[in-house]
Amino acid sequence: MSMYDKLNEQQKEAVFCTEGPLLILAGAGSGKTSVLTHRVAYLIDEVGVNPYNILAITFTNKAAGEMRERVDKIVGFGSEQIFVSTFHSMCVRILRRYINLLDYDTSFTIYDTDDQKQLIKEVCKKLQIDTKIIKERTIQNKISSCKDELVTPEDFYLQSLGDVQLRKIADCYREYQAALKKNNALDFDDLLMKTVELFKAEPDVLRNYQDRWQYIMVDEYQDTNTAQFELIRLLAGSRHNLCVVGDDDQSIYKFRGANIRNILDFEHFYPEAKVVKLEQNYRSVQNILNAANAVIRNNSARKDKSLWSKKEEGERIHFRHFDTAKEEAEYVCRDIIKSVTHGESGYGENAVLYRTNAQSRMIEDQMVRENLPYRIVGGVSFYARREIKDLLAYLKTVDNGRDDLACKRIINVPKRGIGATSINKLQLAADERGVSFFDAVLHPEWADIKGAAAEKLSSFGNMILRMRVISEEQGPLKLLKEILDITDYINQMEVDTEEEAEDRIENIEELISKVASYEEEHDEPNLSELLEEIALVADIDSVTEGEDRTLLMTIHSAKGLEFKNVYLIGMEDGLFPSYMSISSGDAEIEEERRLAYVGITRAKEKLTISAAKARMVHGETQMNPLSRFVNEIPKSLFDIAPVKRQTYDGYYDSDTSDRGGYRRYDSYRDDEPVSFSGFKRTPDEPVKPSSGISPYARPRAFYQPKATPEEDKPFVARKENLGLLTKGSDIIAAKSGGALAVGDRVRHIKFGDGTITNIVKETKDNKITVIFDNYGQKIMYQAFAKLTKL
DNA sequence: TAGTTGGGTTTTTTT
DNA sequence: AACCCAACTA
């Protein structure tokens, strides 16, 4: 029996079709990853394709890693030779090698959305564009969508003639591109667009890659944009050995430029294309599948298909409508705890999914309170945090003196008394001479800066130069530690609360351990490479299997994942579908509906849908009606059927200016039974627990955390115990050498000598109060202050 | 130049 | 509620 025997007929068809264009329409949970990996194995083992000639493009690094792992298990040898990567990483690899042909330097840095915004801001200032009239965000989005569509500044300029506002954006786009080039930087969208540009300008380079990648596979094809399509079209060349896998029903990245036509028109573009539909679902029980089908059926623009499954009917879908978001959070947490204590699932088999990142807060708070091990994916990405961006800006400045943005970010962080006036003068001088900002820092006289200000600049400049030596001689980890030491960054951080300080120190420790593990993994650690790896990680990439924690994330982040139990929370009109989409139109609602479909189909066995009647949004209490998507699910599939709103129609009329309609409480029937309020059951509402012991039979107190003193709380669930603490605390242990006591005389690298007046033991580090002879009282963390006992 | 305050704005989703 | 920015004060 061969390994292909366990595939179904359609799957086999897809696996064995190795030549020519192939479109696999893979419904949710239809085993497409399995098809892809088997197809790779088949190519190698049976067709005799050299693994080196295979390219597989996935949506995230995590997916790439998993794919490689799975192929590795079933292929005899050579799987490491397959090029598995995301679009963005692939482009970076290509550009690092050839971008000099486009007159860039191969050591370019990559700008994230934040950097992008910063640069646009500067450009607006320069062009005297009033950002109150045209918002930077608008410009940013416009530029981004231009790049997604491969529209150059020149193209856009021609398109914009006649429209004053567009014209300004076009100017901005042109200047922005020039500024990027000057900084030797590319933004995310550039990575794709420049690669296409390269391939079009340099046929030899393209041919080189066409010869290498003779078999191409693209996963999550429904979310590719025009630039990405162009890229694979070029790579597929005349061979047309292009296999794309996707599901139009799961296209949820239109806002990012995803072009649904890519999947709908694939057959037109490649008339000889073979199309295979995978419709058997192996993931979810029937009830969940039925709910998903019922929802997605309401979309008009879709390829017809229907998922079916051989699985049992399964539990009914749980539905709960709460009075407040807090009660919703309590229910979710306790339901997870119940499931775990009954042995029905592990923490890690539960996931809480929501529409917007802001919703994680409520759940997180509750999970901390209930001692429930969790992990949040996304939100403010790790690398977007202020302290991390600061430190990375140091690394970037050391690495690439041409990145003006990075240099300006840190020239006065921590405070060095270099203010806006000096910075502006320097920038002008640098522009005049066509050199980088950092070059100007090294020559204050160019900007006519003298005296104390010039002193400060050269001491900063010299510090960076010294860092460069350290970086070259001793590597990135040493460099990072040195930066922290010399700048005394931790103690100079501006923080409002103790908690914030702790969080940020924790983040810095995590960065240290990330750099440390980078150094361990690479024989020749290289700062540029490190920064690049950091630039391209997605939040989901760091989620490792085997961590027994409940995951909290947006539905977008959950794409491609599956969980035994899923909680879809905040199912309210105005939230999901979002207010924005409701007021935009049908196409937007359909995108939201696909998102709902993605959410529902993440669940394997148990799906819980919940909503709150009142919820705080932007600091005001909103009363939103139940999500229309919930009403699209047949009542018979629920354990407790939602009560349909009376005023369903007309309420979403987007032409009416009466937006208060989303908030008014009187749109509900007064006699509408309140399903649940926490764990109190209204007498007239029957409870139909579908398995196990009903949670409602148990007294509420059962789940209340015991009043334990802080120190005695046993474990994981506390916020400060999450993250990469193991590695972080090693660093502390190594650094914080001797025991210190109140009354000891100590010496600090910057503040000189002083006397310890207080020591507060905290979970991870001691917080020490010292009165310095010359600087007065400072409160600092022992691990980073490096106090020497005298 | 640094720190504070008050007002205005914001959020959908992310490589 | 949280963040950002401009304006004002020290």
# chains A, B, ... in the order shown; residues from 1 in each chain; ligands from 1
$ interface_residues --of "chain A" --to "chain C" --cutoff "10 Å" --atoms "only C-alpha atoms (C1' of nucleotides)" --output "ChimeraX atom specification"
/A:616-620
$ write_last_selection --atoms "C-alpha atoms" --output "mmCIF file, in the first residue's frame"
data_model
loop_
_atom_site.group_PDB
_atom_site.id
_atom_site.type_symbol
_atom_site.label_atom_id
_atom_site.label_comp_id
_atom_site.auth_asym_id
_atom_site.auth_seq_id
_atom_site.Cartn_x
_atom_site.Cartn_y
_atom_site.Cartn_z
ATOM 1 C CA MET A 616 -17.538 49.559 25.465
ATOM 2 C CA VAL A 617 -16.112 50.732 22.173
ATOM 3 C CA HIS A 618 -13.840 53.773 22.018
ATOM 4 C CA GLY A 619 -14.791 54.641 25.516
ATOM 5 C CA GLU A 620 -18.525 54.671 24.960
#
$ interface_residues --of "chain B" --to "chain A" --cutoff "9 Å" --atoms "only C-alpha atoms (C1' of nucleotides)" --output "list in words"
DT1, DA2, DT10, DT11, DT12, DT13, DT14 and DT15 of chain B
$ select_by_dssp --residues "stretch 124-174 of chain A" --states "helix (DSSP H, G or I)" --output "PyMOL selection string"
chain A and resi 124-127+136-148+153-160+164-174
$ residues_around --residues "A:Val35" --least-positions-apart "2" --cutoff "9 Å" --atoms "only C-alpha atoms (C1' of nucleotides)" --output "number ranges by chain"
A: 7, 11-12, 14-15, 31-33, 37-40
$ write_last_selection --atoms "N, CA and C atoms" --output "short mmCIF file (atom, residue, chain, number, x, y, z; two decimals), in the first residue's frame"
data_model
loop_
_atom_site.label_atom_id
_atom_site.label_comp_id
_atom_site.auth_asym_id
_atom_site.auth_seq_id
_atom_site.Cartn_x
_atom_site.Cartn_y
_atom_site.Cartn_z
N LEU A 7 -5.54 8.94 0.18
CA LEU A 7 -6.16 10.16 -0.37
C LEU A 7 -7.46 9.81 -1.08
N GLN A 11 -8.34 14.25 -4.41
CA GLN A 11 -7.00 14.56 -3.90
C GLN A 11 -5.94 13.88 -4.75
N LYS A 12 -6.22 12.63 -5.10
CA LYS A 12 -5.25 11.91 -5.93
C LYS A 12 -5.08 12.60 -7.27
N ALA A 14 -5.35 15.64 -7.93
CA ALA A 14 -4.52 16.84 -7.78
C ALA A 14 -3.05 16.46 -7.59
N VAL A 15 -2.82 15.40 -6.84
CA VAL A 15 -1.44 15.01 -6.57
C VAL A 15 -0.75 14.50 -7.84
N GLY A 31 -8.17 19.09 3.43
CA GLY A 31 -6.91 18.37 3.36
C GLY A 31 -5.96 18.88 2.30
N LYS A 32 -5.98 20.19 2.09
CA LYS A 32 -5.14 20.71 1.01
C LYS A 32 -3.65 20.65 1.37
N THR A 33 -3.33 20.82 2.65
CA THR A 33 -1.92 20.74 3.03
C THR A 33 -1.40 19.35 2.73
N THR A 37 1.66 18.49 0.22
CA THR A 37 2.86 17.76 0.62
C THR A 37 3.00 16.46 -0.16
N HIS A 38 1.88 15.78 -0.38
CA HIS A 38 1.97 14.55 -1.16
C HIS A 38 2.37 14.83 -2.61
N ARG A 39 1.91 15.96 -3.08
CA ARG A 39 2.24 16.31 -4.46
C ARG A 39 3.75 16.55 -4.59
N VAL A 40 4.30 17.20 -3.60
CA VAL A 40 5.75 17.42 -3.60
C VAL A 40 6.47 16.07 -3.54
#
$ residues_around --residues "stretch 493-502 of chain A" --least-positions-apart "3" --cutoff "9 Å" --atoms "only C-alpha atoms (C1' of nucleotides)" --output "number ranges by chain"
A: 387, 413-414, 488-490, 505-507, 720, 764
$ write_last_selection --atoms "N, CA and C atoms" --output "compact mmCIF listing (two decimals), in the first residue's frame"
# COMPACT_ATOMS: atom_id res chain seq x y z
N GLU A 387 10.00 50.19 22.75
CA GLU A 387 11.36 49.88 23.20
C GLU A 387 12.08 48.99 22.18
N VAL A 413 17.24 59.45 22.06
CA VAL A 413 16.62 58.44 22.94
C VAL A 413 17.70 57.50 23.43
N PRO A 414 18.05 57.43 24.68
CA PRO A 414 17.56 58.31 25.75
C PRO A 414 17.96 59.77 25.51
N ASP A 488 22.31 53.08 28.96
CA ASP A 488 21.54 52.90 30.18
C ASP A 488 20.05 52.94 29.85
N TYR A 489 19.71 52.33 28.72
CA TYR A 489 18.38 52.45 28.15
C TYR A 489 17.27 52.13 29.15
N ILE A 490 17.44 51.01 29.86
CA ILE A 490 16.36 50.57 30.74
C ILE A 490 16.03 51.59 31.82
N ILE A 505 10.58 45.81 30.11
CA ILE A 505 11.82 45.09 30.41
C ILE A 505 11.71 43.66 29.90
N GLU A 506 10.52 43.12 30.11
CA GLU A 506 10.28 41.76 29.64
C GLU A 506 10.47 41.68 28.12
N ASN A 507 9.95 42.67 27.43
CA ASN A 507 10.11 42.69 25.98
C ASN A 507 11.57 42.77 25.58
N GLU A 720 3.18 37.89 33.71
CA GLU A 720 4.64 38.02 33.72
C GLU A 720 5.35 36.69 33.57
N LYS A 764 10.44 38.93 38.84
CA LYS A 764 11.55 38.56 37.97
C LYS A 764 12.84 39.24 38.36
$ residues_around --residues "A:Thr397" --least-positions-apart "4" --cutoff "10 Å" --atoms "only C-alpha atoms (C1' of nucleotides)" --output "number ranges by chain"
A: 391-393, 401-411, 438, 464-465, 467-468
$ write_last_selection --atoms "N, CA and C atoms" --output "mmCIF file, in the first residue's frame"
data_model
loop_
_atom_site.group_PDB
_atom_site.id
_atom_site.type_symbol
_atom_site.label_atom_id
_atom_site.label_comp_id
_atom_site.auth_asym_id
_atom_site.auth_seq_id
_atom_site.Cartn_x
_atom_site.Cartn_y
_atom_site.Cartn_z
ATOM 1 N N LEU A 391 15.481 49.949 20.046
ATOM 2 C CA LEU A 391 16.707 49.154 20.027
ATOM 3 C C LEU A 391 17.047 48.689 18.620
ATOM 4 N N LEU A 392 16.005 48.342 17.866
ATOM 5 C CA LEU A 392 16.268 47.947 16.484
ATOM 6 C C LEU A 392 16.814 49.125 15.680
ATOM 7 N N ALA A 393 16.328 50.316 16.010
ATOM 8 C CA ALA A 393 16.836 51.498 15.314
ATOM 9 C C ALA A 393 18.325 51.682 15.604
ATOM 10 N N GLY A 401 24.307 52.946 7.905
ATOM 11 C CA GLY A 401 24.312 54.366 8.216
ATOM 12 C C GLY A 401 23.387 55.168 7.330
ATOM 13 N N ARG A 402 22.870 54.531 6.294
ATOM 14 C CA ARG A 402 22.039 55.275 5.357
ATOM 15 C C ARG A 402 20.577 55.359 5.778
ATOM 16 N N ASP A 403 20.200 54.622 6.790
ATOM 17 C CA ASP A 403 18.799 54.647 7.209
ATOM 18 C C ASP A 403 18.541 55.851 8.123
ATOM 19 N N ASP A 404 18.187 56.963 7.491
ATOM 20 C CA ASP A 404 17.990 58.208 8.242
ATOM 21 C C ASP A 404 16.910 58.088 9.305
ATOM 22 N N LEU A 405 15.873 57.366 8.950
ATOM 23 C CA LEU A 405 14.733 57.267 9.855
ATOM 24 C C LEU A 405 15.156 56.639 11.178
ATOM 25 N N ALA A 406 15.910 55.564 11.072
ATOM 26 C CA ALA A 406 16.366 54.868 12.272
ATOM 27 C C ALA A 406 17.249 55.787 13.096
ATOM 28 N N CYS A 407 18.143 56.462 12.424
ATOM 29 C CA CYS A 407 19.080 57.319 13.135
ATOM 30 C C CYS A 407 18.354 58.448 13.855
ATOM 31 N N LYS A 408 17.408 59.039 13.180
ATOM 32 C CA LYS A 408 16.671 60.131 13.813
ATOM 33 C C LYS A 408 15.837 59.645 14.993
ATOM 34 N N ARG A 409 15.401 58.416 14.901
ATOM 35 C CA ARG A 409 14.584 57.894 15.977
ATOM 36 C C ARG A 409 15.353 57.845 17.293
ATOM 37 N N ILE A 410 16.632 57.507 17.208
ATOM 38 C CA ILE A 410 17.371 57.254 18.443
ATOM 39 C C ILE A 410 18.378 58.325 18.803
ATOM 40 N N ILE A 411 18.505 59.331 17.965
ATOM 41 C CA ILE A 411 19.548 60.321 18.251
ATOM 42 C C ILE A 411 19.298 61.002 19.596
ATOM 43 N N PHE A 438 23.236 60.471 9.108
ATOM 44 C CA PHE A 438 24.302 60.113 10.031
ATOM 45 C C PHE A 438 25.646 60.745 9.627
ATOM 46 N N ILE A 464 28.208 55.529 18.100
ATOM 47 C CA ILE A 464 27.777 54.629 17.024
ATOM 48 C C ILE A 464 29.001 54.008 16.333
ATOM 49 N N LEU A 465 30.021 54.815 16.111
ATOM 50 C CA LEU A 465 31.217 54.286 15.457
ATOM 51 C C LEU A 465 31.872 53.193 16.306
ATOM 52 N N MET A 467 30.306 51.334 18.358
ATOM 53 C CA MET A 467 29.404 50.176 18.263
ATOM 54 C C MET A 467 29.678 49.362 17.005
ATOM 55 N N ARG A 468 30.000 50.074 15.956
ATOM 56 C CA ARG A 468 30.281 49.372 14.707
ATOM 57 C C ARG A 468 31.427 48.395 14.869
#
$ residues_around --residues "A:Tyr567" --least-positions-apart "4" --cutoff "9 Å" --atoms "only C-alpha atoms (C1' of nucleotides)" --output "list in words"
Val332, Asn350, Ala351, Val352, Leu353, Tyr354, Ala603, Lys606, Leu607, Thr608, Ile609 and Ser610 of chain A
$ atom_distance --atom1 "atom CA of A:Ala227" --atom2 "atom CA of A:Ser144"
11.4 Å
$ decode --residues "stretch 160-275 of chain A" --atoms "C-alpha atoms" --output "PDB file, in the first residue's frame"
ATOM      1  CA  SER A 160      -4.347  61.641 -11.218  1.00  0.00           C
ATOM      2  CA  LEU A 161      -4.437  64.531 -13.651  1.00  0.00           C
ATOM      3  CA  GLY A 162      -7.592  66.494 -13.170  1.00  0.00           C
ATOM      4  CA  ASP A 163      -8.080  65.577  -9.543  1.00  0.00           C
ATOM      5  CA  VAL A 164      -6.272  67.970  -7.241  1.00  0.00           C
ATOM      6  CA  GLN A 165      -6.226  65.660  -4.279  1.00  0.00           C
ATOM      7  CA  LEU A 166      -5.054  62.624  -6.213  1.00  0.00           C
ATOM      8  CA  ARG A 167      -2.435  64.752  -7.817  1.00  0.00           C
ATOM      9  CA  LYS A 168      -1.047  65.628  -4.412  1.00  0.00           C
ATOM     10  CA  ILE A 169      -0.980  62.003  -3.422  1.00  0.00           C
ATOM     11  CA  ALA A 170       0.854  61.272  -6.651  1.00  0.00           C
ATOM     12  CA  ASP A 171       3.471  63.872  -5.786  1.00  0.00           C
ATOM     13  CA  CYS A 172       3.755  62.328  -2.405  1.00  0.00           C
ATOM     14  CA  TYR A 173       4.173  58.856  -3.850  1.00  0.00           C
ATOM     15  CA  ARG A 174       7.007  60.073  -6.088  1.00  0.00           C
ATOM     16  CA  GLU A 175       8.792  61.837  -3.224  1.00  0.00           C
ATOM     17  CA  TYR A 176       8.238  58.914  -0.900  1.00  0.00           C
ATOM     18  CA  GLN A 177       9.831  56.565  -3.383  1.00  0.00           C
ATOM     19  CA  ALA A 178      12.787  58.917  -3.716  1.00  0.00           C
ATOM     20  CA  ALA A 179      13.152  59.112   0.048  1.00  0.00           C
ATOM     21  CA  LEU A 180      13.082  55.331   0.358  1.00  0.00           C
ATOM     22  CA  LYS A 181      15.793  55.070  -2.219  1.00  0.00           C
ATOM     23  CA  LYS A 182      17.900  57.654  -0.471  1.00  0.00           C
ATOM     24  CA  ASN A 183      17.545  55.723   2.779  1.00  0.00           C
ATOM     25  CA  ASN A 184      18.367  52.530   0.946  1.00  0.00           C
ATOM     26  CA  ALA A 185      15.092  51.102   2.185  1.00  0.00           C
ATOM     27  CA  LEU A 186      12.197  49.117   0.766  1.00  0.00           C
ATOM     28  CA  ASP A 187       8.733  48.831   2.240  1.00  0.00           C
ATOM     29  CA  PHE A 188       6.753  45.585   2.277  1.00  0.00           C
ATOM     30  CA  ASP A 189       5.033  46.287  -1.003  1.00  0.00           C
ATOM     31  CA  ASP A 190       8.292  47.242  -2.656  1.00  0.00           C
ATOM     32  CA  LEU A 191       9.624  43.795  -1.994  1.00  0.00           C
ATOM     33  CA  LEU A 192       7.101  42.422  -4.449  1.00  0.00           C
ATOM     34  CA  MET A 193       7.044  45.283  -6.879  1.00  0.00           C
ATOM     35  CA  LYS A 194      10.804  45.629  -7.151  1.00  0.00           C
ATOM     36  CA  THR A 195      11.156  41.936  -7.804  1.00  0.00           C
ATOM     37  CA  VAL A 196       8.678  42.159 -10.651  1.00  0.00           C
ATOM     38  CA  GLU A 197      10.548  45.197 -11.909  1.00  0.00           C
ATOM     39  CA  LEU A 198      13.799  43.295 -11.720  1.00  0.00           C
ATOM     40  CA  PHE A 199      12.441  40.329 -13.640  1.00  0.00           C
ATOM     41  CA  LYS A 200      11.073  42.590 -16.339  1.00  0.00           C
ATOM     42  CA  ALA A 201      14.235  44.618 -16.649  1.00  0.00           C
ATOM     43  CA  GLU A 202      16.670  41.735 -16.481  1.00  0.00           C
ATOM     44  CA  PRO A 203      15.577  38.756 -18.584  1.00  0.00           C
ATOM     45  CA  ASP A 204      18.750  36.886 -17.699  1.00  0.00           C
ATOM     46  CA  VAL A 205      17.987  37.029 -14.021  1.00  0.00           C
ATOM     47  CA  LEU A 206      14.446  35.905 -14.666  1.00  0.00           C
ATOM     48  CA  ARG A 207      15.590  33.023 -16.834  1.00  0.00           C
ATOM     49  CA  ASN A 208      17.932  31.981 -14.104  1.00  0.00           C
ATOM     50  CA  TYR A 209      15.027  31.610 -11.666  1.00  0.00           C
ATOM     51  CA  GLN A 210      12.733  30.081 -14.264  1.00  0.00           C
ATOM     52  CA  ASP A 211      15.310  27.388 -14.831  1.00  0.00           C
ATOM     53  CA  ARG A 212      15.681  26.803 -11.179  1.00  0.00           C
ATOM     54  CA  TRP A 213      12.004  26.657 -10.218  1.00  0.00           C
ATOM     55  CA  GLN A 214      10.451  24.370 -12.745  1.00  0.00           C
ATOM     56  CA  TYR A 215       7.576  23.366 -10.504  1.00  0.00           C
ATOM     57  CA  ILE A 216       5.747  26.052  -8.617  1.00  0.00           C
ATOM     58  CA  MET A 217       3.064  25.759  -5.981  1.00  0.00           C
ATOM     59  CA  VAL A 218       1.153  28.590  -4.352  1.00  0.00           C
ATOM     60  CA  ASP A 219      -0.963  28.138  -1.255  1.00  0.00           C
ATOM     61  CA  GLU A 220      -3.762  30.505  -0.127  1.00  0.00           C
ATOM     62  CA  TYR A 221      -4.000  31.623  -3.701  1.00  0.00           C
ATOM     63  CA  GLN A 222      -7.255  33.505  -3.107  1.00  0.00           C
ATOM     64  CA  ASP A 223      -5.328  36.088  -1.141  1.00  0.00           C
ATOM     65  CA  THR A 224      -2.704  36.942  -3.712  1.00  0.00           C
ATOM     66  CA  ASN A 225      -2.608  40.401  -5.221  1.00  0.00           C
ATOM     67  CA  THR A 226      -1.818  41.568  -8.716  1.00  0.00           C
ATOM     68  CA  ALA A 227       1.887  41.948  -8.035  1.00  0.00           C
ATOM     69  CA  GLN A 228       2.070  38.440  -6.650  1.00  0.00           C
ATOM     70  CA  PHE A 229       0.223  37.019  -9.610  1.00  0.00           C
ATOM     71  CA  GLU A 230       2.569  38.799 -11.982  1.00  0.00           C
ATOM     72  CA  LEU A 231       5.486  37.395 -10.068  1.00  0.00           C
ATOM     73  CA  ILE A 232       4.387  33.796 -10.366  1.00  0.00           C
ATOM     74  CA  ARG A 233       3.277  34.301 -13.933  1.00  0.00           C
ATOM     75  CA  LEU A 234       6.793  35.440 -14.779  1.00  0.00           C
ATOM     76  CA  LEU A 235       8.376  32.611 -12.853  1.00  0.00           C
ATOM     77  CA  ALA A 236       6.158  30.005 -14.439  1.00  0.00           C
ATOM     78  CA  GLY A 237       7.417  31.286 -17.790  1.00  0.00           C
ATOM     79  CA  SER A 238       6.582  29.071 -20.697  1.00  0.00           C
ATOM     80  CA  ARG A 239       6.593  25.854 -18.682  1.00  0.00           C
ATOM     81  CA  HIS A 240       3.319  26.716 -16.982  1.00  0.00           C
ATOM     82  CA  ASN A 241       4.003  24.188 -14.270  1.00  0.00           C
ATOM     83  CA  LEU A 242       2.015  26.174 -11.842  1.00  0.00           C
ATOM     84  CA  CYS A 243      -0.210  24.703  -9.185  1.00  0.00           C
ATOM     85  CA  VAL A 244      -2.317  27.093  -7.159  1.00  0.00           C
ATOM     86  CA  VAL A 245      -4.473  26.152  -4.195  1.00  0.00           C
ATOM     87  CA  GLY A 246      -7.180  28.312  -2.783  1.00  0.00           C
ATOM     88  CA  ASP A 247     -10.760  28.811  -1.753  1.00  0.00           C
ATOM     89  CA  ASP A 248     -12.619  31.865  -2.958  1.00  0.00           C
ATOM     90  CA  ASP A 249     -14.896  31.564   0.065  1.00  0.00           C
ATOM     91  CA  GLN A 250     -11.918  32.223   2.296  1.00  0.00           C
ATOM     92  CA  SER A 251     -10.671  35.340   0.587  1.00  0.00           C
ATOM     93  CA  ILE A 252     -10.377  37.831   3.416  1.00  0.00           C
ATOM     94  CA  TYR A 253      -7.549  40.158   2.481  1.00  0.00           C
ATOM     95  CA  LYS A 254      -9.122  42.474  -0.032  1.00  0.00           C
ATOM     96  CA  PHE A 255      -8.047  45.433   2.082  1.00  0.00           C
ATOM     97  CA  ARG A 256      -4.509  44.354   1.495  1.00  0.00           C
ATOM     98  CA  GLY A 257      -4.886  44.243  -2.232  1.00  0.00           C
ATOM     99  CA  ALA A 258      -5.889  40.612  -2.658  1.00  0.00           C
ATOM    100  CA  ASN A 259      -7.434  40.290  -6.053  1.00  0.00           C
ATOM    101  CA  ILE A 260     -10.228  37.768  -6.168  1.00  0.00           C
ATOM    102  CA  ARG A 261      -9.974  37.746  -9.954  1.00  0.00           C
ATOM    103  CA  ASN A 262      -6.717  35.862  -9.622  1.00  0.00           C
ATOM    104  CA  ILE A 263      -8.624  32.774  -8.617  1.00  0.00           C
ATOM    105  CA  LEU A 264     -11.811  33.401 -10.568  1.00  0.00           C
ATOM    106  CA  ASP A 265      -9.949  34.077 -13.806  1.00  0.00           C
ATOM    107  CA  PHE A 266      -7.197  31.508 -13.508  1.00  0.00           C
ATOM    108  CA  GLU A 267      -8.809  29.339 -16.151  1.00  0.00           C
ATOM    109  CA  HIS A 268      -9.087  32.255 -18.542  1.00  0.00           C
ATOM    110  CA  PHE A 269      -5.494  33.120 -18.131  1.00  0.00           C
ATOM    111  CA  TYR A 270      -4.362  29.535 -18.501  1.00  0.00           C
ATOM    112  CA  PRO A 271      -6.986  27.980 -20.792  1.00  0.00           C
ATOM    113  CA  GLU A 272      -5.284  24.611 -20.605  1.00  0.00           C
ATOM    114  CA  ALA A 273      -5.593  24.640 -16.823  1.00  0.00           C
ATOM    115  CA  LYS A 274      -6.975  21.641 -15.043  1.00  0.00           C
ATOM    116  CA  VAL A 275      -9.359  22.324 -12.172  1.00  0.00           C
TER     117      VAL A 275
END
